[in-house]
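Asks: Sending over start.cif (mmCIF, C-alpha atoms).
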data_upload
#
loop_
_atom_site.group_PDB
_atom_site.id
_atom_site.type_symbol
_atom_site.label_atom_id
_atom_site.label_comp_id
_atom_site.auth_asym_id
_atom_site.auth_seq_id
_atom_site.Cartn_x
_atom_site.Cartn_y
_atom_site.Cartn_z
ATOM 1 C CA MET H 1 -16.888 8.362 0.595
ATOM 2 C CA ARG H 2 -14.702 11.393 -0.032
ATOM 3 C CA SER H 3 -15.672 14.186 -2.372
ATOM 4 C CA ILE H 4 -14.538 17.677 -3.358
ATOM 5 C CA VAL H 5 -17.284 20.236 -2.881
ATOM 6 C CA ALA H 6 -17.573 23.856 -4.015
ATOM 7 C CA MET H 7 -18.995 25.436 -0.880
ATOM 8 C CA LYS H 8 -19.908 28.665 -2.685
ATOM 9 C CA ALA H 9 -19.076 30.529 -5.883
ATOM 10 C CA GLY H 10 -15.513 31.769 -5.978
ATOM 11 C CA GLY H 11 -11.877 30.885 -6.572
ATOM 12 C CA PRO H 12 -10.167 27.544 -5.967
ATOM 13 C CA GLU H 13 -10.115 28.297 -2.248
ATOM 14 C CA VAL H 14 -13.866 27.522 -2.031
ATOM 15 C CA LEU H 15 -13.177 23.834 -2.692
ATOM 16 C CA ALA H 16 -13.291 21.589 0.368
ATOM 17 C CA GLU H 17 -12.880 17.852 0.943
ATOM 18 C CA VAL H 18 -16.002 16.347 2.494
ATOM 19 C CA THR H 19 -16.556 12.831 3.839
ATOM 20 C CA GLY H 20 -19.858 10.991 4.042
ATOM 21 C CA SER H 21 -21.591 7.676 3.572
ATOM 22 C CA ASP H 22 -21.466 5.862 0.244
ATOM 23 C CA PRO H 23 -24.400 6.611 -2.080
ATOM 24 C CA GLU H 24 -26.639 3.893 -3.470
ATOM 25 C CA PRO H 25 -27.688 3.590 -7.107
ATOM 26 C CA GLY H 26 -31.345 4.126 -7.886
ATOM 27 C CA PRO H 27 -33.350 2.633 -10.741
ATOM 28 C CA GLY H 28 -31.428 2.893 -13.995
ATOM 29 C CA GLN H 29 -28.218 3.919 -12.211
ATOM 30 C CA ILE H 30 -24.838 2.376 -11.429
ATOM 31 C CA LEU H 31 -22.462 3.013 -8.550
ATOM 32 C CA VAL H 32 -18.866 3.385 -9.669
ATOM 33 C CA GLU H 33 -15.591 3.290 -7.799
ATOM 34 C CA VAL H 34 -13.913 6.319 -9.367
ATOM 35 C CA LEU H 35 -10.345 5.546 -10.434
ATOM 36 C CA ALA H 36 -9.719 8.852 -12.228
ATOM 37 C CA ALA H 37 -11.677 12.077 -12.667
ATOM 38 C CA GLY H 38 -11.087 14.575 -15.448
ATOM 39 C CA VAL H 39 -10.496 18.234 -14.642
ATOM 40 C CA ASN H 40 -11.994 20.566 -17.238
ATOM 41 C CA PHE H 41 -12.596 24.265 -17.721
ATOM 42 C CA ILE H 42 -16.337 23.730 -17.257
ATOM 43 C CA ASP H 43 -15.539 22.712 -13.669
ATOM 44 C CA THR H 44 -13.890 26.082 -13.094
ATOM 45 C CA TYR H 45 -16.840 27.884 -14.703
ATOM 46 C CA LEU H 46 -19.240 26.102 -12.331
ATOM 47 C CA ARG H 47 -17.018 26.697 -9.300
ATOM 48 C CA SER H 48 -16.596 30.402 -10.064
ATOM 49 C CA GLY H 49 -20.286 31.017 -10.681
ATOM 50 C CA LEU H 50 -19.853 31.837 -14.385
ATOM 51 C CA TYR H 51 -22.187 28.907 -15.000
ATOM 52 C CA PRO H 52 -24.854 29.004 -12.259
ATOM 53 C CA MET H 53 -25.402 26.011 -9.999
ATOM 54 C CA ALA H 54 -26.595 25.324 -6.471
ATOM 55 C CA TYR H 55 -24.021 25.400 -3.659
ATOM 56 C CA PRO H 56 -22.601 23.447 -1.963
ATOM 57 C CA SER H 57 -22.105 20.986 -4.796
ATOM 58 C CA THR H 58 -19.670 18.214 -5.704
ATOM 59 C CA LEU H 59 -17.717 19.150 -8.824
ATOM 60 C CA GLY H 60 -16.627 17.043 -11.767
ATOM 61 C CA ARG H 61 -18.544 15.767 -14.782
ATOM 62 C CA GLU H 62 -16.022 13.313 -16.235
ATOM 63 C CA GLY H 63 -14.390 10.174 -14.971
ATOM 64 C CA ALA H 64 -13.825 6.458 -15.232
ATOM 65 C CA GLY H 65 -13.933 3.522 -12.878
ATOM 66 C CA HIS H 66 -15.271 0.086 -12.064
ATOM 67 C CA VAL H 67 -18.940 -0.648 -11.481
ATOM 68 C CA ILE H 68 -19.445 -1.822 -7.891
ATOM 69 C CA ALA H 69 -23.265 -1.916 -7.750
ATOM 70 C CA VAL H 70 -26.191 -1.619 -10.145
ATOM 71 C CA GLY H 71 -29.646 -0.223 -9.583
ATOM 72 C CA GLU H 72 -32.996 -1.740 -10.445
ATOM 73 C CA GLY H 73 -33.529 -2.379 -14.142
ATOM 74 C CA VAL H 74 -29.871 -2.116 -15.161
ATOM 75 C CA THR H 75 -28.855 -5.028 -17.371
ATOM 76 C CA SER H 76 -26.224 -3.411 -19.596
ATOM 77 C CA TYR H 77 -23.512 -3.339 -16.915
ATOM 78 C CA GLY H 78 -22.368 -5.579 -14.123
ATOM 79 C CA GLU H 79 -19.952 -5.414 -11.222
ATOM 80 C CA GLY H 80 -16.359 -5.045 -12.361
ATOM 81 C CA ASP H 81 -17.127 -3.441 -15.735
ATOM 82 C CA LEU H 82 -14.920 -0.463 -16.605
ATOM 83 C CA VAL H 83 -16.958 2.536 -17.688
ATOM 84 C CA ALA H 84 -16.358 6.192 -18.439
ATOM 85 C CA TRP H 85 -18.628 9.219 -18.515
ATOM 86 C CA PHE H 86 -18.493 12.886 -19.486
ATOM 87 C CA ASP H 87 -21.819 14.463 -18.532
ATOM 88 C CA GLN H 88 -22.572 13.222 -15.010
ATOM 89 C CA SER H 89 -22.159 15.381 -11.921
ATOM 90 C CA GLY H 90 -20.143 14.420 -8.855
ATOM 91 C CA SER H 91 -16.994 12.926 -10.378
ATOM 92 C CA TYR H 92 -14.588 14.595 -7.914
ATOM 93 C CA ALA H 93 -15.105 11.738 -5.485
ATOM 94 C CA ASP H 94 -14.083 8.157 -4.810
ATOM 95 C CA ARG H 95 -17.657 6.977 -5.450
ATOM 96 C CA ALA H 96 -20.100 8.296 -8.042
ATOM 97 C CA VAL H 97 -23.629 7.421 -9.080
ATOM 98 C CA ILE H 98 -23.988 7.443 -12.856
ATOM 99 C CA GLU H 99 -27.014 7.084 -15.098
ATOM 100 C CA ALA H 100 -26.393 3.762 -16.831
ATOM 101 C CA ASP H 101 -27.721 5.129 -20.118
ATOM 102 C CA HIS H 102 -24.965 7.760 -20.108
ATOM 103 C CA ALA H 103 -22.082 5.454 -19.204
ATOM 104 C CA LEU H 104 -19.615 4.538 -21.937
ATOM 105 C CA ARG H 105 -18.232 1.014 -21.988
ATOM 106 C CA VAL H 106 -14.434 1.135 -22.105
ATOM 107 C CA PRO H 107 -12.907 -1.424 -24.486
ATOM 108 C CA ASP H 108 -10.225 -3.862 -23.371
ATOM 109 C CA GLY H 109 -6.751 -2.420 -23.579
ATOM 110 C CA ILE H 110 -7.729 1.096 -22.465
ATOM 111 C CA GLY H 111 -7.055 1.927 -18.822
ATOM 112 C CA ALA H 112 -9.191 4.026 -16.519
ATOM 113 C CA GLY H 113 -6.803 6.980 -16.628
ATOM 114 C CA THR H 114 -6.818 7.110 -20.407
ATOM 115 C CA ALA H 115 -10.590 6.679 -20.544
ATOM 116 C CA ALA H 116 -11.131 9.526 -18.071
ATOM 117 C CA ALA H 117 -8.633 11.669 -19.953
ATOM 118 C CA VAL H 118 -10.304 11.295 -23.328
ATOM 119 C CA ALA H 119 -14.035 11.084 -22.613
ATOM 120 C CA LEU H 120 -15.098 14.736 -22.502
ATOM 121 C CA GLN H 121 -12.260 16.314 -24.459
ATOM 122 C CA GLY H 122 -12.154 13.538 -27.032
ATOM 123 C CA LEU H 123 -15.876 13.690 -27.687
ATOM 124 C CA THR H 124 -15.604 17.484 -27.853
ATOM 125 C CA ALA H 125 -12.864 17.259 -30.473
ATOM 126 C CA HIS H 126 -14.911 14.663 -32.354
ATOM 127 C CA TYR H 127 -18.046 16.785 -32.660
ATOM 128 C CA LEU H 128 -15.995 19.847 -33.578
ATOM 129 C CA VAL H 129 -14.297 18.219 -36.574
ATOM 130 C CA THR H 130 -17.262 16.119 -37.687
ATOM 131 C CA SER H 131 -20.250 18.366 -37.016
ATOM 132 C CA SER H 132 -19.588 21.980 -35.960
ATOM 133 C CA HIS H 133 -17.315 22.555 -38.930
ATOM 134 C CA PRO H 134 -16.814 19.221 -40.715
ATOM 135 C CA VAL H 135 -13.154 19.277 -41.666
ATOM 136 C CA ALA H 136 -12.569 18.459 -45.332
ATOM 137 C CA GLU H 137 -9.405 17.228 -46.983
ATOM 138 C CA GLY H 138 -7.219 20.084 -48.161
ATOM 139 C CA GLU H 139 -8.578 22.658 -45.725
ATOM 140 C CA THR H 140 -6.429 24.769 -43.418
ATOM 141 C CA VAL H 141 -7.727 25.236 -39.877
ATOM 142 C CA LEU H 142 -6.503 27.182 -36.853
ATOM 143 C CA VAL H 143 -6.598 25.469 -33.448
ATOM 144 C CA HIS H 144 -6.151 27.661 -30.388
ATOM 145 C CA ALA H 145 -4.412 26.291 -27.292
ATOM 146 C CA GLY H 146 -2.928 23.580 -29.455
ATOM 147 C CA ALA H 147 -1.096 21.908 -26.567
ATOM 148 C CA GLY H 148 -4.143 21.717 -24.332
ATOM 149 C CA GLY H 149 -6.240 18.619 -23.787
ATOM 150 C CA VAL H 150 -8.764 19.394 -26.523
ATOM 151 C CA GLY H 151 -6.173 21.045 -28.749
ATOM 152 C CA LEU H 152 -3.900 17.999 -29.007
ATOM 153 C CA LEU H 153 -6.815 15.690 -29.807
ATOM 154 C CA LEU H 154 -8.447 18.153 -32.184
ATOM 155 C CA THR H 155 -5.217 18.627 -34.099
ATOM 156 C CA GLN H 156 -4.748 14.889 -34.547
ATOM 157 C CA MET H 157 -8.335 14.412 -35.719
ATOM 158 C CA ALA H 158 -8.167 17.309 -38.172
ATOM 159 C CA VAL H 159 -4.892 16.030 -39.629
ATOM 160 C CA ALA H 160 -6.396 12.539 -39.960
ATOM 161 C CA ARG H 161 -9.185 14.084 -42.057
ATOM 162 C CA GLY H 162 -6.611 15.626 -44.406
ATOM 163 C CA ALA H 163 -6.403 19.171 -43.053
ATOM 164 C CA ARG H 164 -3.415 21.402 -42.515
ATOM 165 C CA VAL H 165 -3.405 22.651 -38.926
ATOM 166 C CA LEU H 166 -2.014 25.925 -37.595
ATOM 167 C CA ALA H 167 -1.861 25.859 -33.803
ATOM 168 C CA THR H 168 -1.391 28.609 -31.236
ATOM 169 C CA THR H 169 0.613 28.004 -28.060
ATOM 170 C CA SER H 170 2.388 30.050 -25.412
ATOM 171 C CA SER H 171 5.747 28.344 -24.782
ATOM 172 C CA ASP H 172 8.497 26.339 -26.438
ATOM 173 C CA LYS H 173 7.378 23.164 -24.653
ATOM 174 C CA LYS H 174 3.791 23.617 -25.785
ATOM 175 C CA ALA H 175 4.915 24.374 -29.333
ATOM 176 C CA GLU H 176 6.826 21.094 -29.412
ATOM 177 C CA LEU H 177 3.752 19.188 -28.220
ATOM 178 C CA ALA H 178 1.532 20.815 -30.846
ATOM 179 C CA ARG H 179 3.971 19.894 -33.605
ATOM 180 C CA GLY H 180 4.113 16.363 -32.257
ATOM 181 C CA ALA H 181 0.335 16.147 -32.655
ATOM 182 C CA GLY H 182 0.662 17.082 -36.327
ATOM 183 C CA ALA H 183 0.462 20.883 -36.419
ATOM 184 C CA ASP H 184 2.099 22.190 -39.595
ATOM 185 C CA ALA H 185 2.931 25.545 -38.016
ATOM 186 C CA VAL H 186 2.853 26.906 -34.485
ATOM 187 C CA LEU H 187 1.958 30.524 -33.728
ATOM 188 C CA ARG H 188 3.214 31.948 -30.434
ATOM 189 C CA TYR H 189 0.553 34.346 -29.260
ATOM 190 C CA ASP H 190 2.531 35.067 -26.108
ATOM 191 C CA GLU H 191 4.970 36.962 -28.330
ATOM 192 C CA TYR H 192 2.343 39.191 -29.952
ATOM 193 C CA ALA H 193 2.063 42.851 -29.043
ATOM 194 C CA ASP H 194 -1.607 42.788 -30.107
ATOM 195 C CA ILE H 195 -3.177 39.398 -30.783
ATOM 196 C CA SER H 196 -6.128 40.965 -32.634
ATOM 197 C CA THR H 197 -3.818 42.203 -35.404
ATOM 198 C CA ASP H 198 -0.633 40.130 -35.085
ATOM 199 C CA LEU H 199 -2.428 36.771 -35.217
ATOM 200 C CA PRO H 200 -4.355 37.366 -38.459
ATOM 201 C CA ARG H 201 -1.273 38.890 -40.064
ATOM 202 C CA GLU H 202 0.775 35.749 -39.357
ATOM 203 C CA VAL H 203 -2.096 33.481 -40.405
ATOM 204 C CA ARG H 204 -2.370 35.231 -43.760
ATOM 205 C CA GLU H 205 1.382 35.023 -44.262
ATOM 206 C CA LEU H 206 1.117 31.258 -43.766
ATOM 207 C CA THR H 207 -1.854 30.914 -46.121
ATOM 208 C CA ASP H 208 -0.711 33.179 -48.975
ATOM 209 C CA GLY H 209 -3.226 35.782 -47.896
ATOM 210 C CA ALA H 210 -6.238 33.462 -48.033
ATOM 211 C CA GLY H 211 -6.956 32.948 -44.336
ATOM 212 C CA VAL H 212 -8.146 29.689 -42.774
ATOM 213 C CA ASN H 213 -11.276 27.701 -43.492
ATOM 214 C CA ALA H 214 -12.085 27.342 -39.804
ATOM 215 C CA VAL H 215 -10.920 28.496 -36.386
ATOM 216 C CA TYR H 216 -11.584 26.316 -33.345
ATOM 217 C CA ASP H 217 -11.437 28.711 -30.406
ATOM 218 C CA GLY H 218 -11.757 27.505 -26.838
ATOM 219 C CA VAL H 219 -10.058 30.604 -25.413
ATOM 220 C CA GLY H 220 -12.818 33.126 -26.047
ATOM 221 C CA ARG H 221 -12.496 36.777 -25.135
ATOM 222 C CA ALA H 222 -8.725 37.168 -25.621
ATOM 223 C CA THR H 223 -8.588 35.529 -29.058
ATOM 224 C CA PHE H 224 -11.984 36.246 -30.601
ATOM 225 C CA ASP H 225 -11.088 39.344 -32.609
ATOM 226 C CA GLY H 226 -7.924 37.751 -33.962
ATOM 227 C CA SER H 227 -9.795 34.575 -34.799
ATOM 228 C CA LEU H 228 -12.476 36.411 -36.728
ATOM 229 C CA ALA H 229 -9.889 38.358 -38.713
ATOM 230 C CA SER H 230 -8.030 35.135 -39.601
ATOM 231 C CA LEU H 231 -10.889 33.556 -41.543
ATOM 232 C CA ALA H 232 -11.121 33.106 -45.268
ATOM 233 C CA PRO H 233 -14.386 34.266 -46.871
ATOM 234 C CA ARG H 234 -17.235 31.934 -45.862
ATOM 235 C CA GLY H 235 -15.029 30.417 -43.185
ATOM 236 C CA SER H 236 -16.270 29.172 -39.819
ATOM 237 C CA LEU H 237 -15.407 30.474 -36.371
ATOM 238 C CA VAL H 238 -16.333 27.861 -33.774
ATOM 239 C CA VAL H 239 -16.121 29.248 -30.240
ATOM 240 C CA PHE H 240 -16.467 26.201 -27.995
ATOM 241 C CA GLY H 241 -15.129 27.628 -24.737
ATOM 242 C CA GLY H 242 -14.111 30.726 -22.853
ATOM 243 C CA ALA H 243 -10.880 30.019 -20.981
ATOM 244 C CA SER H 244 -10.052 33.744 -21.005
ATOM 245 C CA GLY H 245 -13.632 34.826 -20.363
ATOM 246 C CA PRO H 246 -16.847 35.016 -22.395
ATOM 247 C CA VAL H 247 -16.924 36.831 -25.729
ATOM 248 C CA PRO H 248 -18.740 40.180 -25.383
ATOM 249 C CA PRO H 249 -21.892 40.840 -27.434
ATOM 250 C CA LEU H 250 -21.093 41.795 -31.019
ATOM 251 C CA ASP H 251 -22.644 43.465 -34.033
ATOM 252 C CA ILE H 252 -23.496 40.661 -36.481
ATOM 253 C CA GLN H 253 -22.505 42.950 -39.357
ATOM 254 C CA ARG H 254 -18.937 42.032 -38.394
ATOM 255 C CA LEU H 255 -19.588 38.593 -39.878
ATOM 256 C CA ASN H 256 -20.579 40.256 -43.149
ATOM 257 C CA ARG H 257 -17.483 42.443 -43.221
ATOM 258 C CA ALA H 258 -15.251 39.452 -42.429
ATOM 259 C CA GLY H 259 -16.358 37.744 -45.637
ATOM 260 C CA SER H 260 -19.819 36.261 -44.995
ATOM 261 C CA VAL H 261 -18.356 34.031 -42.316
ATOM 262 C CA PHE H 262 -20.146 31.663 -39.958
ATOM 263 C CA LEU H 263 -20.069 31.941 -36.153
ATOM 264 C CA SER H 264 -21.238 29.239 -33.761
ATOM 265 C CA ARG H 265 -21.076 28.667 -30.013
ATOM 266 C CA PRO H 266 -21.672 24.916 -29.641
ATOM 267 C CA THR H 267 -21.640 22.730 -26.566
ATOM 268 C CA LEU H 268 -21.063 18.992 -26.259
ATOM 269 C CA VAL H 269 -24.429 18.206 -24.705
ATOM 270 C CA ASP H 270 -26.266 19.145 -27.901
ATOM 271 C CA PHE H 271 -24.077 16.813 -29.966
ATOM 272 C CA THR H 272 -24.504 13.848 -27.618
ATOM 273 C CA ALA H 273 -28.142 14.276 -26.635
ATOM 274 C CA ASP H 274 -29.197 11.112 -28.465
ATOM 275 C CA ARG H 275 -28.066 7.718 -27.185
ATOM 276 C CA ASN H 276 -27.193 6.506 -30.673
ATOM 277 C CA GLU H 277 -25.112 9.606 -31.361
ATOM 278 C CA ARG H 278 -23.258 9.159 -28.062
ATOM 279 C CA ALA H 279 -22.542 5.541 -28.953
ATOM 280 C CA TRP H 280 -21.322 6.436 -32.447
ATOM 281 C CA ARG H 281 -18.962 9.130 -31.222
ATOM 282 C CA ALA H 282 -17.650 6.996 -28.357
ATOM 283 C CA GLU H 283 -17.085 4.008 -30.637
ATOM 284 C CA GLU H 284 -15.038 6.081 -33.081
ATOM 285 C CA LEU H 285 -13.141 7.801 -30.274
ATOM 286 C CA PHE H 286 -12.223 4.704 -28.257
ATOM 287 C CA GLY H 287 -11.506 2.814 -31.474
ATOM 288 C CA ALA H 288 -8.912 5.387 -32.485
ATOM 289 C CA VAL H 289 -7.328 5.239 -29.032
ATOM 290 C CA ALA H 290 -7.270 1.433 -29.046
ATOM 291 C CA ASP H 291 -5.662 1.154 -32.478
ATOM 292 C CA GLY H 292 -3.033 3.757 -31.651
ATOM 293 C CA SER H 293 -4.092 6.344 -34.224
ATOM 294 C CA LEU H 294 -5.097 8.813 -31.499
ATOM 295 C CA ASP H 295 -2.552 9.605 -28.797
ATOM 296 C CA VAL H 296 -3.909 10.722 -25.429
ATOM 297 C CA ARG H 297 -1.521 12.834 -23.374
ATOM 298 C CA ILE H 298 -2.050 12.906 -19.623
ATOM 299 C CA GLY H 299 -0.023 15.889 -18.570
ATOM 300 C CA HIS H 300 -0.788 16.113 -14.869
ATOM 301 C CA ARG H 301 -2.138 13.869 -12.115
ATOM 302 C CA TYR H 302 -3.179 15.306 -8.751
ATOM 303 C CA PRO H 303 -4.463 13.528 -5.653
ATOM 304 C CA LEU H 304 -8.165 14.148 -5.104
ATOM 305 C CA ALA H 305 -7.410 16.332 -2.081
ATOM 306 C CA GLU H 306 -5.388 18.709 -4.291
ATOM 307 C CA ALA H 307 -8.280 19.654 -6.571
ATOM 308 C CA ALA H 308 -7.788 23.344 -5.782
ATOM 309 C CA GLU H 309 -4.188 23.155 -7.000
ATOM 310 C CA ALA H 310 -5.353 21.454 -10.175
ATOM 311 C CA HIS H 311 -7.808 24.310 -10.784
ATOM 312 C CA ARG H 312 -5.121 26.919 -10.221
ATOM 313 C CA ALA H 313 -2.820 25.208 -12.695
ATOM 314 C CA LEU H 314 -5.544 24.866 -15.319
ATOM 315 C CA GLU H 315 -6.745 28.454 -15.004
ATOM 316 C CA GLY H 316 -3.148 29.697 -14.966
ATOM 317 C CA ARG H 317 -2.543 27.933 -18.305
ATOM 318 C CA ALA H 318 0.286 26.001 -16.652
ATOM 319 C CA THR H 319 -0.905 22.638 -17.963
ATOM 320 C CA THR H 320 -0.520 20.606 -21.135
ATOM 321 C CA GLY H 321 -2.634 17.672 -22.163
ATOM 322 C CA LYS H 322 -5.154 16.288 -19.687
ATOM 323 C CA VAL H 323 -5.385 17.020 -15.966
ATOM 324 C CA LEU H 324 -6.654 14.173 -13.775
ATOM 325 C CA LEU H 325 -7.611 13.796 -10.132
ATOM 326 C CA ILE H 326 -6.792 10.402 -8.630
ATOM 327 C CA PRO H 327 -8.948 9.443 -5.599
#
Give the structure from the file, written as structure tokens.

Replies:
Amino acid sequence: MRSIVAMKAGGPEVLAEVTGSDPEPGPGQILVEVLAAGVNFIDTYLRSGLYPMAYPSTLGREGAGHVIAVGEGVTSYGEGDLVAWFDQSGSYADRAVIEADHALRVPDGIGAGTAAAVALQGLTAHYLVTSSHPVAEGETVLVHAGAGGVGLLLTQMAVARGARVLATTSSDKKAELARGAGADAVLRYDEYADISTDLPREVRELTDGAGVNAVYDGVGRATFDGSLASLAPRGSLVVFGGASGPVPPLDIQRLNRAGSVFLSRPTLVDFTADRNERAWRAEELFGAVADGSLDVRIGHRYPLAEAAEAHRALEGRATTGKVLLIP
């Protein structure tokens, strides 16, 4: 098998292609021929050392492919079944061993590329709009990086729940994509002199001074102050990622001064820890993809051997939609 391994903590240059023998599934596991692997910011956090892990280690936590062998005790899947996953290590490879209990059955009509593109980011968007801050009809929400993989899905889901979405982007092309996903207005933070003051000023102009009911912020350090200042009283700031770096420690009195607002730092694993919850979210997600109500944009496909280039593009904010590696 071929796999992409982070040899040590560092930049994309630490990634190396390694060959070895095919793994075998153990009890409760399945062996999958990986047809597509998702590239996500968490992969860059693990590679860089921001999130600690042991090195060397095969990257990738998301993918899709056909089952080619099953381990002892597995009865839910058989050879040839198409499955996806979002929380299993070692997806940057042409073979991956997956815990059967964490595999998601992909319905007919959805290809492996689409399944790999929507598993992690789609489930992330789902828990954000249903659980972190449950979007209600008539609300106005701000979605950062509105043309990114999560941003495009999150915008569509929020609009489907009856919300007005303001989206931030950094180029004309990205602005067009965000509008295509249903954003009512696009804010160009690349044109701001100071995002901490210019963003909330524009948000309040667009909301008649009220501010937004929620901000979904996967950017982190660069946008946090502007996000906090954009909230309406008792609004919710959901920081679900740190593409620009982690948010520094803060005085919680800032939440008081901002209007008794709520701040959370959720992660997908805590909203999919239960098998029934995983199944519910996946059923709703894949159902929306299958019936055409949720559009999944695959913006970039790289050969497995070019994983380092995929990381550079993602970290350089040169991507839109989903980034995939194709073994």

Asks: Taking the file above as input, evaluate the PyMOL selection byres ((chain H and resi 178) around 9) and report the hits as a PDB file with C-alpha atoms, in the frame of the given file.

Replies:
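The result, written out as selection39.pdb:
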ATOM      1  CA  ALA H 145      -4.412  26.291 -27.292  1.00  0.00           C
ATOM      2  CA  GLY H 146      -2.928  23.580 -29.455  1.00  0.00           C
ATOM      3  CA  ALA H 147      -1.096  21.908 -26.567  1.00  0.00           C
ATOM      4  CA  GLY H 148      -4.143  21.717 -24.332  1.00  0.00           C
ATOM      5  CA  GLY H 151      -6.173  21.045 -28.749  1.00  0.00           C
ATOM      6  CA  LEU H 152      -3.900  17.999 -29.007  1.00  0.00           C
ATOM      7  CA  THR H 155      -5.217  18.627 -34.099  1.00  0.00           C
ATOM      8  CA  ALA H 167      -1.861  25.859 -33.803  1.00  0.00           C
ATOM      9  CA  THR H 168      -1.391  28.609 -31.236  1.00  0.00           C
ATOM     10  CA  THR H 169       0.613  28.004 -28.060  1.00  0.00           C
ATOM     11  CA  LYS H 173       7.378  23.164 -24.653  1.00  0.00           C
ATOM     12  CA  LYS H 174       3.791  23.617 -25.785  1.00  0.00           C
ATOM     13  CA  ALA H 175       4.915  24.374 -29.333  1.00  0.00           C
ATOM     14  CA  GLU H 176       6.826  21.094 -29.412  1.00  0.00           C
ATOM     15  CA  LEU H 177       3.752  19.188 -28.220  1.00  0.00           C
ATOM     16  CA  ARG H 179       3.971  19.894 -33.605  1.00  0.00           C
ATOM     17  CA  GLY H 180       4.113  16.363 -32.257  1.00  0.00           C
ATOM     18  CA  ALA H 181       0.335  16.147 -32.655  1.00  0.00           C
ATOM     19  CA  GLY H 182       0.662  17.082 -36.327  1.00  0.00           C
ATOM     20  CA  ALA H 183       0.462  20.883 -36.419  1.00  0.00           C
ATOM     21  CA  ASP H 184       2.099  22.190 -39.595  1.00  0.00           C
ATOM     22  CA  ALA H 185       2.931  25.545 -38.016  1.00  0.00           C
ATOM     23  CA  VAL H 186       2.853  26.906 -34.485  1.00  0.00           C
TER      24      VAL H 186
END

Asks: Taking the file as shown, what set of residues would the PyMOL selection byres ((chain H and resi 36) around 7) give back, as a PyMOL selection string?

Replies: chain H and resi 34-35+37-38+63-65+112-113+116+324-327

Asks: Please compute the atom CA of Ala117 of chain H-atom CA of Gly71 of chain H distance, one decimal, in Å.

Replies: 26.3 Å

Asks: Report the residues retrieved by the PyMOL selection byres ((chain H and resi 161) around 8) from the displayed file, expressed as a PDB file with C-alpha atoms, in the coordinates of the input.

Replies:
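The result, written out as out-v3.pdb:
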ATOM      1  CA  VAL H 135     -13.154  19.277 -41.666  1.00  0.00           C
ATOM      2  CA  ALA H 136     -12.569  18.459 -45.332  1.00  0.00           C
ATOM      3  CA  GLU H 137      -9.405  17.228 -46.983  1.00  0.00           C
ATOM      4  CA  MET H 157      -8.335  14.412 -35.719  1.00  0.00           C
ATOM      5  CA  ALA H 158      -8.167  17.309 -38.172  1.00  0.00           C
ATOM      6  CA  VAL H 159      -4.892  16.030 -39.629  1.00  0.00           C
ATOM      7  CA  ALA H 160      -6.396  12.539 -39.960  1.00  0.00           C
ATOM      8  CA  GLY H 162      -6.611  15.626 -44.406  1.00  0.00           C
ATOM      9  CA  ALA H 163      -6.403  19.171 -43.053  1.00  0.00           C
TER      10      ALA H 163
END

Asks: Which residue is closest to Ala125 of chain H? Choose from H:Asn276, H:Gln156, H:Ser260, H:Thr207 and count only C-alpha atoms.

Replies: H:Gln156

Asks: Taking all atoms listed in the file into account, which of H:Leu142, H:Ile68, H:Ala16, H:Leu153 comes nearest Ser293 of chain H?

Replies: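 Going through H:Leu142, H:Ile68, H:Ala16, H:Leu153 one by one, the smallest distance to Ser293 of chain H is for H:Leu153.
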
Asks: Just to confirm, what's the straight-line distance from atom CA of Leu263 of chain H to atom CA of Arg221 of chain H in Å (one decimal)?

Replies: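 Interatomic distance, atom CA of Leu263 of chain H to atom CA of Arg221 of chain H: 14.2 Å.
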
Asks: Would you list the residues near (-24.5, 7.0, -10.9) (no more than 9 Å away, in the coordinates of the file, using only C-alpha atoms) as a ChimeraX atom specification?

Replies: /H:23-26,28-32,70-71,88-90,95-100,103

Asks: Can you find the residues with an atom no farther than 7 Å from (-21.0, 12.2, -20.6), counting all atoms listed in the file, and report them as number ranges by chain?

Replies: H: 62, 85-88, 102-103, 120

Asks: For segment 227-242 of chain H in the structure I just supplied, write out C-alpha atoms - as an mmCIF file, in the first residue's frame.

Replies:
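The result, stored in selection-v1.cif:
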data_model
loop_
_atom_site.group_PDB
_atom_site.id
_atom_site.type_symbol
_atom_site.label_atom_id
_atom_site.label_comp_id
_atom_site.auth_asym_id
_atom_site.auth_seq_id
_atom_site.Cartn_x
_atom_site.Cartn_y
_atom_site.Cartn_z
ATOM 1 C CA SER H 227 -16.949 38.321 15.308
ATOM 2 C CA LEU H 228 -17.560 39.139 18.947
ATOM 3 C CA ALA H 229 -18.337 42.766 18.129
ATOM 4 C CA SER H 230 -20.826 41.705 15.426
ATOM 5 C CA LEU H 231 -23.207 39.898 17.772
ATOM 6 C CA ALA H 232 -26.618 41.044 18.862
ATOM 7 C CA PRO H 233 -27.278 40.920 22.620
ATOM 8 C CA ARG H 234 -27.525 37.293 23.782
ATOM 9 C CA GLY H 235 -26.095 36.146 20.469
ATOM 10 C CA SER H 236 -23.818 33.139 20.029
ATOM 11 C CA LEU H 237 -20.226 33.070 18.840
ATOM 12 C CA VAL H 238 -19.325 29.537 17.772
ATOM 13 C CA VAL H 239 -15.593 29.159 17.152
ATOM 14 C CA PHE H 240 -15.237 25.753 15.505
ATOM 15 C CA GLY H 241 -11.758 26.101 14.016
ATOM 16 C CA GLY H 242 -8.579 28.118 13.910
#
